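Just entry-v2.txt here, compact mmCIF, C-alpha atoms:
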```txt
# COMPACT_ATOMS: atom_id res chain seq x y z
CA MET N 1 16.34 -184.37 35.50
CA GLY N 2 15.51 -186.88 38.21
CA MET N 3 16.37 -184.33 40.88
CA ASN N 4 14.04 -181.78 39.30
CA ILE N 5 11.20 -184.31 39.27
CA GLY N 6 11.91 -185.09 42.91
CA ILE N 7 11.80 -181.41 43.88
CA VAL N 8 8.56 -180.90 41.96
CA SER N 9 7.00 -183.89 43.70
CA LEU N 10 8.20 -182.66 47.09
CA LEU N 11 6.69 -179.22 46.51
CA LYS N 12 3.36 -180.80 45.62
CA VAL N 13 3.42 -183.04 48.69
CA ILE N 14 4.16 -180.08 50.97
CA ALA N 15 1.38 -178.09 49.31
CA ASP N 16 -1.09 -180.92 49.91
CA ILE N 17 0.00 -181.27 53.54
CA LEU N 18 -0.54 -177.55 54.09
CA THR N 19 -3.99 -177.81 52.53
CA LEU N 20 -4.96 -180.72 54.78
CA SER N 21 -3.56 -178.90 57.81
CA ARG N 22 -6.52 -176.51 57.73
CA GLY N 23 -8.75 -179.49 58.36
CA GLY N 24 -6.58 -180.28 61.36
CA ILE N 25 -6.86 -176.69 62.58
CA ALA N 26 -10.64 -176.91 62.25
CA ILE N 27 -10.67 -180.04 64.41
CA ILE N 28 -8.53 -178.32 67.06
CA LEU N 29 -10.93 -175.37 67.08
CA LEU N 30 -13.99 -177.60 67.37
CA MET N 31 -12.47 -179.53 70.28
CA ALA N 32 -11.25 -176.47 72.20
CA HIS N 33 -12.84 -175.69 75.58
CA ASP N 34 -12.19 -174.52 79.15
CA PHE N 35 -10.85 -171.05 78.41
CA GLU N 36 -10.36 -168.68 81.32
CA ASP N 37 -11.73 -165.50 79.75
CA PRO N 38 -12.92 -164.00 76.44
CA ALA N 39 -9.47 -162.61 75.65
CA SER N 40 -7.85 -166.05 75.85
CA ILE N 41 -10.52 -167.47 73.53
CA VAL N 42 -9.94 -164.74 70.98
CA ARG N 43 -6.16 -165.07 71.16
CA PHE N 44 -6.46 -168.81 70.58
CA VAL N 45 -8.76 -168.45 67.57
CA VAL N 46 -6.79 -165.59 66.03
CA LEU N 47 -3.50 -167.46 66.39
CA LEU N 48 -4.88 -170.55 64.67
CA THR N 49 -6.58 -168.38 62.07
CA LEU N 50 -3.29 -166.71 61.18
CA ILE N 51 -1.59 -170.09 60.93
CA GLY N 52 -4.42 -171.36 58.74
CA TRP N 53 -4.38 -168.41 56.36
CA THR N 54 -0.60 -168.63 56.13
CA THR N 55 -0.88 -172.25 55.01
CA ASP N 56 -3.52 -171.15 52.50
CA VAL N 57 -1.13 -168.60 51.02
CA CYS N 58 1.77 -171.04 50.92
CA ASP N 59 0.02 -174.14 49.55
CA GLY N 60 -1.11 -172.34 46.42
CA LYS N 61 2.35 -170.91 45.79
CA LEU N 62 4.01 -174.29 46.23
CA ALA N 63 1.45 -176.06 44.04
CA ARG N 64 1.91 -173.54 41.25
CA ALA N 65 5.68 -173.76 41.60
CA SER N 66 5.44 -177.53 41.18
CA GLY N 67 3.30 -177.15 38.07
CA ARG N 68 0.74 -179.54 39.56
CA THR N 69 -2.19 -177.47 40.74
CA GLY N 70 -4.85 -180.17 40.45
CA GLY N 71 -5.47 -183.39 42.33
CA SER N 72 -7.92 -184.77 44.87
CA ILE N 73 -6.40 -182.92 47.82
CA ALA N 74 -6.21 -179.62 45.93
CA SER N 75 -9.93 -179.98 45.20
CA MET N 76 -10.52 -180.00 48.97
CA ASP N 77 -8.91 -176.57 49.38
CA PHE N 78 -12.12 -174.52 49.28
CA PRO N 79 -14.25 -176.91 51.41
CA LEU N 80 -11.49 -177.02 54.03
CA ASP N 81 -11.30 -173.22 54.00
CA ILE N 82 -15.03 -173.07 54.70
CA LEU N 83 -14.80 -175.59 57.54
CA PHE N 84 -11.80 -173.77 58.97
CA MET N 85 -13.57 -170.38 58.94
CA TRP N 86 -16.82 -171.81 60.30
CA SER N 87 -14.99 -173.53 63.16
CA GLY N 88 -13.56 -170.25 64.42
CA GLY N 89 -17.03 -168.75 64.55
CA TYR N 90 -18.29 -171.86 66.31
CA VAL N 91 -15.77 -171.32 69.11
CA PHE N 92 -16.97 -167.74 69.59
CA ALA N 93 -20.62 -168.83 69.59
CA ARG N 94 -20.07 -171.70 72.03
CA ALA N 95 -18.23 -169.35 74.38
CA GLY N 96 -21.08 -166.83 74.22
CA LEU N 97 -19.02 -164.09 72.59
CA ILE N 98 -21.60 -163.97 69.81
CA PRO N 99 -25.25 -165.09 70.17
CA HIS N 100 -25.41 -168.86 69.83
CA ALA N 101 -28.89 -168.80 68.28
CA LEU N 102 -27.75 -166.24 65.71
CA TYR N 103 -24.80 -168.40 64.69
CA VAL N 104 -27.00 -171.47 64.38
CA ALA N 105 -29.44 -169.50 62.21
CA TYR N 106 -26.61 -168.14 60.06
CA SER N 107 -25.08 -171.59 59.65
CA THR N 108 -28.46 -173.04 58.71
CA ALA N 109 -29.06 -170.29 56.16
CA MET N 110 -25.60 -170.90 54.72
CA ALA N 111 -26.23 -174.63 54.38
CA VAL N 112 -29.65 -174.14 52.78
CA ALA N 113 -28.32 -171.51 50.36
CA ALA N 114 -25.41 -173.77 49.43
CA ILE N 115 -27.75 -176.66 48.63
CA LEU N 116 -30.28 -174.56 46.72
CA SER N 117 -27.51 -172.91 44.68
CA ARG N 118 -25.86 -176.30 44.07
CA PHE N 119 -22.84 -175.12 46.02
CA ASN N 120 -22.30 -172.06 43.86
CA ARG N 121 -18.90 -170.58 44.69
CA ALA N 122 -20.18 -167.00 44.77
CA VAL N 123 -22.90 -167.91 47.27
CA LEU N 124 -20.46 -169.74 49.52
CA LEU N 125 -17.89 -166.95 49.37
CA GLY N 126 -20.60 -164.44 50.20
CA PHE N 127 -21.53 -166.35 53.35
CA CYS N 128 -17.88 -166.95 54.24
CA ALA N 129 -16.88 -163.28 54.10
CA PRO N 130 -18.37 -162.45 57.55
CA LEU N 131 -16.84 -165.63 58.98
CA ALA N 132 -13.42 -164.65 57.65
CA GLY N 133 -13.70 -161.20 59.22
CA LEU N 134 -15.05 -162.40 62.57
CA PRO N 135 -11.66 -163.13 64.22
CA LEU N 136 -10.46 -159.66 63.24
CA VAL N 137 -13.56 -158.02 64.74
CA MET N 138 -13.35 -160.09 67.91
CA SER N 139 -9.66 -159.34 68.35
CA TYR N 140 -10.43 -155.62 68.14
CA ALA N 141 -12.99 -156.04 70.92
CA TYR N 142 -11.10 -158.40 73.24
CA ALA N 143 -7.41 -158.66 72.30
CA ARG N 144 -6.22 -155.43 70.70
CA PRO N 145 -2.55 -156.49 70.23
CA TYR N 146 -3.78 -159.47 68.21
CA PHE N 147 -5.93 -157.14 66.14
CA VAL N 148 -2.81 -155.14 65.29
CA THR N 149 -0.94 -158.34 64.42
CA PHE N 150 -3.82 -159.61 62.28
CA THR N 151 -4.09 -156.28 60.45
CA PHE N 152 -0.34 -156.25 59.81
CA TRP N 153 -0.55 -159.81 58.46
CA ILE N 154 -3.32 -158.82 56.05
CA ILE N 155 -1.36 -155.83 54.78
CA MET N 156 1.78 -157.91 54.29
CA ALA N 157 -0.12 -160.71 52.55
CA LEU N 158 -1.75 -158.27 50.14
CA ALA N 159 1.52 -156.47 49.47
CA ALA N 160 3.34 -159.75 48.85
CA ASP N 161 0.78 -161.18 46.44
CA TRP N 162 -1.83 -158.66 45.32
CA ARG N 163 -2.32 -160.66 42.13
CA ARG N 164 -3.48 -163.67 44.11
CA PHE N 165 -6.05 -161.51 45.88
CA THR N 166 -7.42 -160.41 42.52
CA GLN N 167 -7.67 -164.08 41.56
CA VAL N 168 -9.86 -164.77 44.58
CA VAL N 169 -12.06 -161.81 43.69
CA ASP N 170 -12.17 -163.09 40.13
CA SER N 171 -13.28 -166.57 41.22
CA PHE N 172 -16.15 -165.00 43.15
CA ILE N 173 -17.26 -162.85 40.23
CA GLU N 174 -16.96 -165.66 37.70
CA ALA N 175 -19.53 -167.65 39.68
CA LEU N 176 -22.09 -164.85 39.43
CA PRO N 177 -24.78 -164.99 36.72
CA ASP N 178 -24.83 -162.63 33.75
CA PRO N 179 -25.38 -159.77 33.10
CA GLY N 180 -24.28 -158.79 36.62
CA ARG N 181 -21.02 -160.67 36.30
CA ARG N 182 -20.07 -158.88 33.08
CA ARG N 183 -20.86 -155.46 34.49
CA ILE N 184 -18.87 -156.05 37.66
CA LEU N 185 -15.87 -157.28 35.67
CA GLU N 186 -15.98 -154.20 33.46
CA THR N 187 -16.15 -151.90 36.48
CA LEU N 188 -13.36 -153.64 38.40
CA GLY N 189 -11.23 -153.73 35.26
CA ARG N 190 -10.94 -149.96 35.48
CA PHE N 191 -9.27 -150.37 38.89
CA GLY N 192 -6.70 -152.93 37.79
CA PHE N 193 -8.59 -156.19 38.31
CA ARG N 194 -8.11 -158.63 35.46
CA ARG N 195 -9.27 -162.15 34.75
CA THR N 196 -6.50 -164.59 35.57
CA GLU N 197 -8.18 -168.02 35.52
CA ILE N 198 -5.39 -169.36 37.75
CA TYR N 199 -6.59 -171.09 40.89
CA ARG N 200 -5.17 -173.45 43.50
```

Whole structure, structure tokens version:
Amino acid sequence: MGMNIGIVSLLKVIADILTLSRGGIAIILLMAHDFEDPASIVRFVVLLTLIGWTTDVCDGKLARASGRTGGSIASMDFPLDILFMWSGGYVFARAGLIPHALYVAYSTAMAVAAILSRFNRAVLLGFCAPLAGLPLVMSYAYARPYFVTFTFWIIMALAADWRRFTQVVDSFIEALPDPGRRRILETLGRFGFRRTEIYR
């Protein structure tokens, strides 16, 4: 019994460490500089992005396996994801791979929308979607082998845990106002999406 409790506690600790690691990755991204060329910048961001998303996949699994999905660190999961995604875009903007003024404007719009919506999850996820896809787009333009690797990672992650992906979609839809939310749920239900109400 004591051993089981110890294992459960260990799983939760590892899950929390993985969650916090995305904050560390964000700091590394924000402090990065002096790259030789665009390809090296993209490779750096994509590599850290893949590490970050892998920790995101694993921390939820470990937390659910421990039976302890709540807690103060678990509540930081989504904010750290946002910071992590934004930091990758910041590196691209600072290096001039995307227009700096455009990124500043987008970030400002995201912040204003978050405040006005009282940090509505659907609003934040909507703004984060382009940020999440940016490393993939940039790798296609500047580091094609990394694009292939990133695409393969996405396919494997979806194949390994499609249900978790539907949970993320569900969390976005649940934050939408009615009647739009209800209609979207009914439509997606025909394609196999179901409400799960299980989150990190």

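Between atom CA of Ser9 of chain N and atom CA of Arg64 of chain N the separation is 11.8 Å.
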
From the list N:Arg118, N:Ile73, N:Ala39, N:Pro145, which residue is nearest Ile17 of chain N when using only C-alpha atoms?
N:Ile73

When you count all atoms listed in the file, which of these residues is closest to Gly24 of chain N: N:Tyr140, N:Phe84, N:Phe127, N:Phe92?
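Checking each candidate against Gly24 of chain N, we get N:Phe84 as the closest.
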
Using all atoms listed in the file, what residues lie at most 9 Å away from (1.1, -176.5, 41.9) (file coordinates), given as a PyMOL selection string?
chain N and resi 8+11-12+15+59-70+74+200

Please write as a list of chain:residue names the list of polymer residues whose atoms come within 9 Å of (-12.2, -174.8, 73.7), counting only C-alpha atoms and keeping to the coordinates of the file.
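The distance filter leaves exactly N:Ile28, N:Leu29, N:Leu30, N:Met31, N:Ala32, N:His33, N:Asp34, N:Phe35, N:Ile41, N:Phe44, N:Val91, N:Arg94, N:Ala95.
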
For the residues in that selection, give me C-alpha atoms as an mmCIF file, in the coordinates of the input.
```
data_model
loop_
_atom_site.group_PDB
_atom_site.id
_atom_site.type_symbol
_atom_site.label_atom_id
_atom_site.label_comp_id
_atom_site.auth_asym_id
_atom_site.auth_seq_id
_atom_site.Cartn_x
_atom_site.Cartn_y
_atom_site.Cartn_z
ATOM 1 C CA ILE N 28 -8.530 -178.320 67.060
ATOM 2 C CA LEU N 29 -10.930 -175.370 67.080
ATOM 3 C CA LEU N 30 -13.990 -177.600 67.370
ATOM 4 C CA MET N 31 -12.470 -179.530 70.280
ATOM 5 C CA ALA N 32 -11.250 -176.470 72.200
ATOM 6 C CA HIS N 33 -12.840 -175.690 75.580
ATOM 7 C CA ASP N 34 -12.190 -174.520 79.150
ATOM 8 C CA PHE N 35 -10.850 -171.050 78.410
ATOM 9 C CA ILE N 41 -10.520 -167.470 73.530
ATOM 10 C CA PHE N 44 -6.460 -168.810 70.580
ATOM 11 C CA VAL N 91 -15.770 -171.320 69.110
ATOM 12 C CA ARG N 94 -20.070 -171.700 72.030
ATOM 13 C CA ALA N 95 -18.230 -169.350 74.380
#
```

Two-atom distance - atom CA of Ser117 of chain N, atom CA of Asp178 of chain N (Å)
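We find that atom CA of Ser117 of chain N and atom CA of Asp178 of chain N lie 15.2 Å from each other.
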
Between N:Arg183, N:His100, N:Thr19, N:Ile25, which is the closest to Gly71 of chain N once you count all atoms listed in the file?
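Answer, going by the shortest atom-to-atom distance: N:Thr19.
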
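Each of N:Met110, N:Thr149, N:Pro38, N:Ile82 was compared to Val123 of chain N using all atoms listed in the file, and N:Met110 turns out to be the nearest.
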
Could you tell me how far atom CA of Val104 of chain N sits from atom CA of Tyr146 of chain N, in Å to one decimal place?
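One can read the atom CA of Tyr146 of chain N to atom CA of Val104 of chain N distance as 26.4 Å.
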
Select, from N:Trp86, N:Phe119, N:Trp153, N:Tyr142, the residue with the minimum atom-to-atom distance to Trp53 of chain N, counting only C-alpha atoms.
N:Trp153

Mind checking which residues fall within 8 Å of Ala143 of chain N, counting all atoms listed in the file, ignoring those fewer than 5 positions away in the same chain, and posting them as an MDAnalysis selection string?
chainID N and resid 39 42:43 138

Shell around Cys128 of chain N at 12 Å using only C-alpha atoms, local window under 6 positions removed, as a PyMOL selection string
chain N and resi 78-89+106-107+109-111+114+121-122+134+172

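The list of residues with at least one atom within 9 Å of Ile173 of chain N, based on all atoms listed in the file and without residues fewer than 6 positions apart in the same chain, reads Ala122, Gly180, Arg181, Arg182, Ile184 and Leu185 of chain N.
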
For Pro135 of chain N, work out the shell of residues within 7 Å, counting all atoms listed in the file and skipping chain neighbours fewer than 4 positions away, then give it as a PyMOL selection string.
chain N and resi 45-46+139

Given 5 Å on each side, where is the centre and what are the edge lengths in Å to one decimal of the axis-aligned box enclosing the listed atoms of segment 106-112 of chain N, as AutoDock Vina command-line options?
```
--center_x -27.4 --center_y -171.4 --center_z 56.4 --size_x 14.6 --size_y 16.5 --size_z 17.3
```
